[in-house]
Amino acid sequence: MANYKVEKLTGQMLLFGLLGKLLYMSPDKEWIQHLLDDDVFSEVPFGEDQEDVVQGLNYIQDWISTNLSKNPASAIASLEEDYLRLFIGAGKVLAPPWESVYFTDDRSMFSEETLQVRNCYRKYGLQIEHLYHEPDDHIGLELSFLAHLAQLAVQALEQEGSAELIQLLHDQQAFLTEHPLRWSTTWCELVLQHARTDFYRGIALLINGALKASDEFITEALSQLPQEI
């Protein structure tokens with residue numbers, strides 16, 4: 001069972017780390033091309049049984065097969081345009097990537113949710129690079145934080161730190177349910193509605209499915225830990 005948990009937590013760490021970077025950063029041509037050349041989106045290391053994850057991979061693979069063989073440069077340029085439209089906006093942001101927007105009447109940022117997320121990061125000694133100048137609750141940053149907690153949980157499991165592992169799993173599940181899981185489905189629906197590329201439709205579904213899979217995995221892991229300790 002310990003090996004199973006290491007495998008799942010490592011997969012969680014890798015997937016959330018990748019998805020967090022993809023959402024937080026504007027598409028970098030060389031990095032995106034590297035991911036595509038390495039066939040990164042042929043499968044996932046975590047959440048492969050989730051319906052959203054399966055559908056998300058299909059979207060991405062369809063985009064790759066339809067676009068890259070014809071004109072790779074144009075295909076990647078289309079990702080840059082879509083990212084700008086969806087997550088930054090040349091006017092209205094079509095799929096805002098900040099949690100606080102979904103829980104304020106005026107769709108403002110830097111609200112109570114932002115501060116709550118910031119405190120979660122601080123508990124583990126983390127602070128975003130542009131503190132006070134950008135919201136801490138960007139979905140890319142939240143995913144990267146989940147990847148960090150998964151990495152710490154792997155280390156605790158390998159070092160047989162049972163109490164530390166239990167605390168990390170509890171903190172990860174609390175963060176999941178109190179933050180990204182509260183708004184990821186709404187955000188995903190906006191991306192599906194407004195995206196012009198199947199790549200970002202696929203990424204949104206991957207994120208939504210991986211978050212659900214994480215909650216299920218942690219619930220299962222915590223239910224088994226008392227018997228193992």
# chains A, B, ... in the order shown; residues from 1 in each chain; ligands from 1
>>> closest_atom_pairs(of="range 92-111 of chain A", to="range 171-190 of chain A", cutoff="8 Å", atoms="only C-alpha atoms", output="Markdown table")
| residue | atom | partner | partner_atom | distance |
| --- | --- | --- | --- | --- |
| A:Leu94 | CA | A:Leu190 | CA | 7.0 |
| A:Ala95 | CA | A:Leu190 | CA | 5.3 |
| A:Pro96 | CA | A:Trp187 | CA | 7.2 |
| A:Pro97 | CA | A:Trp187 | CA | 7.4 |
| A:Glu99 | CA | A:Trp183 | CA | 6.8 |
| A:Tyr102 | CA | A:Trp183 | CA | 6.9 |
>>> write_last_selection(atoms="all heavy atoms", output="tab-separated table (two decimals), in the first residue's frame")
chain	number	residue	atom	x	y	z
A	94	LEU	N	-12.35	36.14	-20.35
A	94	LEU	CA	-13.45	35.21	-20.63
A	94	LEU	C	-13.53	34.06	-19.64
A	94	LEU	O	-14.62	33.55	-19.37
A	94	LEU	CB	-13.29	34.66	-22.06
A	94	LEU	CG	-13.38	35.72	-23.17
A	94	LEU	CD1	-13.12	35.08	-24.53
A	94	LEU	CD2	-14.74	36.41	-23.15
A	95	ALA	N	-12.40	33.63	-19.12
A	95	ALA	CA	-12.38	32.54	-18.13
A	95	ALA	C	-11.39	32.93	-17.03
A	95	ALA	O	-10.26	32.43	-16.98
A	95	ALA	CB	-11.98	31.22	-18.78
A	96	PRO	N	-11.79	33.83	-16.14
A	96	PRO	CA	-10.87	34.35	-15.13
A	96	PRO	C	-10.20	33.22	-14.34
A	96	PRO	O	-10.88	32.33	-13.84
A	96	PRO	CB	-11.77	35.20	-14.23
A	96	PRO	CG	-12.92	35.57	-15.09
A	96	PRO	CD	-13.14	34.40	-16.00
A	97	PRO	N	-8.88	33.26	-14.21
A	97	PRO	CA	-8.17	32.18	-13.50
A	97	PRO	C	-7.97	32.45	-12.01
A	97	PRO	O	-7.18	31.76	-11.38
A	97	PRO	CB	-6.82	32.15	-14.24
A	97	PRO	CG	-6.58	33.57	-14.61
A	97	PRO	CD	-7.94	34.15	-14.91
A	99	GLU	N	-9.52	32.74	-8.16
A	99	GLU	CA	-10.62	32.23	-7.34
A	99	GLU	C	-11.55	33.32	-6.87
A	99	GLU	O	-12.79	33.17	-6.92
A	99	GLU	CB	-10.04	31.47	-6.14
A	99	GLU	CG	-11.09	30.95	-5.19
A	99	GLU	CD	-10.49	30.21	-4.00
A	99	GLU	OE1	-9.32	29.77	-4.08
A	99	GLU	OE2	-11.20	30.06	-3.00
A	102	TYR	N	-14.86	34.56	-8.51
A	102	TYR	CA	-16.05	33.73	-8.52
A	102	TYR	C	-16.88	33.87	-7.24
A	102	TYR	O	-17.98	33.30	-7.16
A	102	TYR	CB	-15.67	32.27	-8.75
A	102	TYR	CG	-15.06	32.07	-10.11
A	102	TYR	CD1	-13.69	32.29	-10.34
A	102	TYR	CD2	-15.85	31.69	-11.20
A	102	TYR	CE1	-13.13	32.13	-11.60
A	102	TYR	CE2	-15.29	31.54	-12.47
A	102	TYR	CZ	-13.93	31.76	-12.66
A	102	TYR	OH	-13.38	31.62	-13.90
>>> residues_around(residues="Gln155 in chain A", least_positions_apart="2", cutoff="12 Å", atoms="only C-alpha atoms", output="PDB file with N, CA, C and O atoms, in the first residue's frame")
ATOM      1  N   ALA A   2       1.997   1.195   0.680  1.00  0.00           N
ATOM      2  CA  ALA A   2       2.882   2.365   0.708  1.00  0.00           C
ATOM      3  C   ALA A   2       3.378   2.698  -0.691  1.00  0.00           C
ATOM      4  O   ALA A   2       3.429   3.871  -1.092  1.00  0.00           O
ATOM      5  N   LYS A   5       0.700   4.454  -2.604  1.00  0.00           N
ATOM      6  CA  LYS A   5       0.568   5.867  -2.236  1.00  0.00           C
ATOM      7  C   LYS A   5       1.692   6.694  -2.845  1.00  0.00           C
ATOM      8  O   LYS A   5       1.473   7.819  -3.306  1.00  0.00           O
ATOM      9  N   VAL A   6       2.917   6.178  -2.819  1.00  0.00           N
ATOM     10  CA  VAL A   6       4.032   6.904  -3.431  1.00  0.00           C
ATOM     11  C   VAL A   6       3.767   7.130  -4.911  1.00  0.00           C
ATOM     12  O   VAL A   6       3.977   8.231  -5.448  1.00  0.00           O
ATOM     13  N   LEU A   9       0.882   9.772  -5.249  1.00  0.00           N
ATOM     14  CA  LEU A   9       1.323  11.101  -4.849  1.00  0.00           C
ATOM     15  C   LEU A   9       2.340  11.668  -5.835  1.00  0.00           C
ATOM     16  O   LEU A   9       2.325  12.862  -6.148  1.00  0.00           O
ATOM     17  N   THR A  10       3.221  10.827  -6.340  1.00  0.00           N
ATOM     18  CA  THR A  10       4.191  11.275  -7.333  1.00  0.00           C
ATOM     19  C   THR A  10       3.483  11.687  -8.622  1.00  0.00           C
ATOM     20  O   THR A  10       3.810  12.720  -9.225  1.00  0.00           O
ATOM     21  N   MET A  13       1.850  14.985  -8.009  1.00  0.00           N
ATOM     22  CA  MET A  13       2.867  16.045  -8.012  1.00  0.00           C
ATOM     23  C   MET A  13       3.249  16.433  -9.445  1.00  0.00           C
ATOM     24  O   MET A  13       3.305  17.617  -9.793  1.00  0.00           O
ATOM     25  N   HIS A 148       3.262  20.855  -4.595  1.00  0.00           N
ATOM     26  CA  HIS A 148       4.242  20.968  -3.509  1.00  0.00           C
ATOM     27  C   HIS A 148       3.836  20.097  -2.318  1.00  0.00           C
ATOM     28  O   HIS A 148       4.679  19.385  -1.746  1.00  0.00           O
ATOM     29  N   LEU A 149       2.556  20.132  -1.949  1.00  0.00           N
ATOM     30  CA  LEU A 149       2.090  19.307  -0.838  1.00  0.00           C
ATOM     31  C   LEU A 149       2.235  17.822  -1.163  1.00  0.00           C
ATOM     32  O   LEU A 149       2.579  17.021  -0.291  1.00  0.00           O
ATOM     33  N   ALA A 150       1.966  17.455  -2.412  1.00  0.00           N
ATOM     34  CA  ALA A 150       2.136  16.051  -2.809  1.00  0.00           C
ATOM     35  C   ALA A 150       3.595  15.633  -2.701  1.00  0.00           C
ATOM     36  O   ALA A 150       3.904  14.523  -2.254  1.00  0.00           O
ATOM     37  N   GLN A 151       4.504  16.515  -3.083  1.00  0.00           N
ATOM     38  CA  GLN A 151       5.936  16.220  -2.981  1.00  0.00           C
ATOM     39  C   GLN A 151       6.342  16.022  -1.517  1.00  0.00           C
ATOM     40  O   GLN A 151       7.076  15.080  -1.187  1.00  0.00           O
ATOM     41  N   LEU A 152       5.861  16.892  -0.636  1.00  0.00           N
ATOM     42  CA  LEU A 152       6.162  16.751   0.789  1.00  0.00           C
ATOM     43  C   LEU A 152       5.577  15.452   1.348  1.00  0.00           C
ATOM     44  O   LEU A 152       6.196  14.803   2.193  1.00  0.00           O
ATOM     45  N   ALA A 153       4.398  15.071   0.863  1.00  0.00           N
ATOM     46  CA  ALA A 153       3.773  13.829   1.329  1.00  0.00           C
ATOM     47  C   ALA A 153       4.577  12.604   0.886  1.00  0.00           C
ATOM     48  O   ALA A 153       4.715  11.637   1.638  1.00  0.00           O
ATOM     49  N   LEU A 157       6.203   9.937   3.437  1.00  0.00           N
ATOM     50  CA  LEU A 157       5.915   8.513   3.303  1.00  0.00           C
ATOM     51  C   LEU A 157       7.196   7.708   3.193  1.00  0.00           C
ATOM     52  O   LEU A 157       7.346   6.648   3.814  1.00  0.00           O
ATOM     53  N   GLU A 158       8.153   8.209   2.431  1.00  0.00           N
ATOM     54  CA  GLU A 158       9.424   7.499   2.264  1.00  0.00           C
ATOM     55  C   GLU A 158      10.239   7.487   3.553  1.00  0.00           C
ATOM     56  O   GLU A 158      11.021   6.562   3.795  1.00  0.00           O
ATOM     57  N   GLN A 159      10.058   8.515   4.371  1.00  0.00           N
ATOM     58  CA  GLN A 159      10.793   8.601   5.636  1.00  0.00           C
ATOM     59  C   GLN A 159       9.988   8.035   6.797  1.00  0.00           C
ATOM     60  O   GLN A 159      10.398   8.160   7.954  1.00  0.00           O
ATOM     61  N   GLU A 160       8.845   7.440   6.475  1.00  0.00           N
ATOM     62  CA  GLU A 160       7.960   6.828   7.471  1.00  0.00           C
ATOM     63  C   GLU A 160       7.523   7.831   8.528  1.00  0.00           C
ATOM     64  O   GLU A 160       7.394   7.511   9.714  1.00  0.00           O
ATOM     65  N   GLY A 161       7.291   9.065   8.081  1.00  0.00           N
ATOM     66  CA  GLY A 161       6.781  10.100   8.985  1.00  0.00           C
ATOM     67  C   GLY A 161       5.261  10.083   8.984  1.00  0.00           C
ATOM     68  O   GLY A 161       4.606  10.873   8.300  1.00  0.00           O
ATOM     69  N   SER A 162       4.684   9.163   9.727  1.00  0.00           N
ATOM     70  CA  SER A 162       3.238   8.926   9.668  1.00  0.00           C
ATOM     71  C   SER A 162       2.431  10.147  10.071  1.00  0.00           C
ATOM     72  O   SER A 162       1.469  10.524   9.385  1.00  0.00           O
ATOM     73  N   GLU A 164       3.327  13.275  10.104  1.00  0.00           N
ATOM     74  CA  GLU A 164       3.514  14.341   9.106  1.00  0.00           C
ATOM     75  C   GLU A 164       2.705  14.049   7.852  1.00  0.00           C
ATOM     76  O   GLU A 164       2.081  14.950   7.270  1.00  0.00           O
ATOM     77  N   LEU A 165       2.696  12.784   7.429  1.00  0.00           N
ATOM     78  CA  LEU A 165       1.941  12.405   6.232  1.00  0.00           C
ATOM     79  C   LEU A 165       0.456  12.667   6.433  1.00  0.00           C
ATOM     80  O   LEU A 165      -0.212  13.224   5.545  1.00  0.00           O
ATOM     81  N   LEU A 168      -0.247  16.343   6.225  1.00  0.00           N
ATOM     82  CA  LEU A 168      -0.143  16.828   4.845  1.00  0.00           C
ATOM     83  C   LEU A 168      -1.373  16.443   4.027  1.00  0.00           C
ATOM     84  O   LEU A 168      -1.892  17.257   3.256  1.00  0.00           O
TER      85      LEU A 168
END
>>> select_by_dssp(residues="range 10-206 of chain A", states="helix (DSSP H, G or I)", output="MDAnalysis selection string")
chainID A and resid 10:24 29:37 40:42 51:68 72:88 99:103 112:123 139:158 162:178 180:194 198:206
>>> atom_distance(atom1="CA of Glu81 in chain A", atom2="CA of Phe41 in chain A")
20.7 Å
>>> closest_residue(among="A:Gln167, A:Gln33, A:Gln127, A:Ser100", to="Thr114 in chain A", atoms="only C-alpha atoms")
A:Ser100
>>> closest_residue(among="A:Gln12, A:Gln193, A:Thr104, A:Gln224", to="Gly47 in chain A", atoms="only C-alpha atoms")
A:Gln12
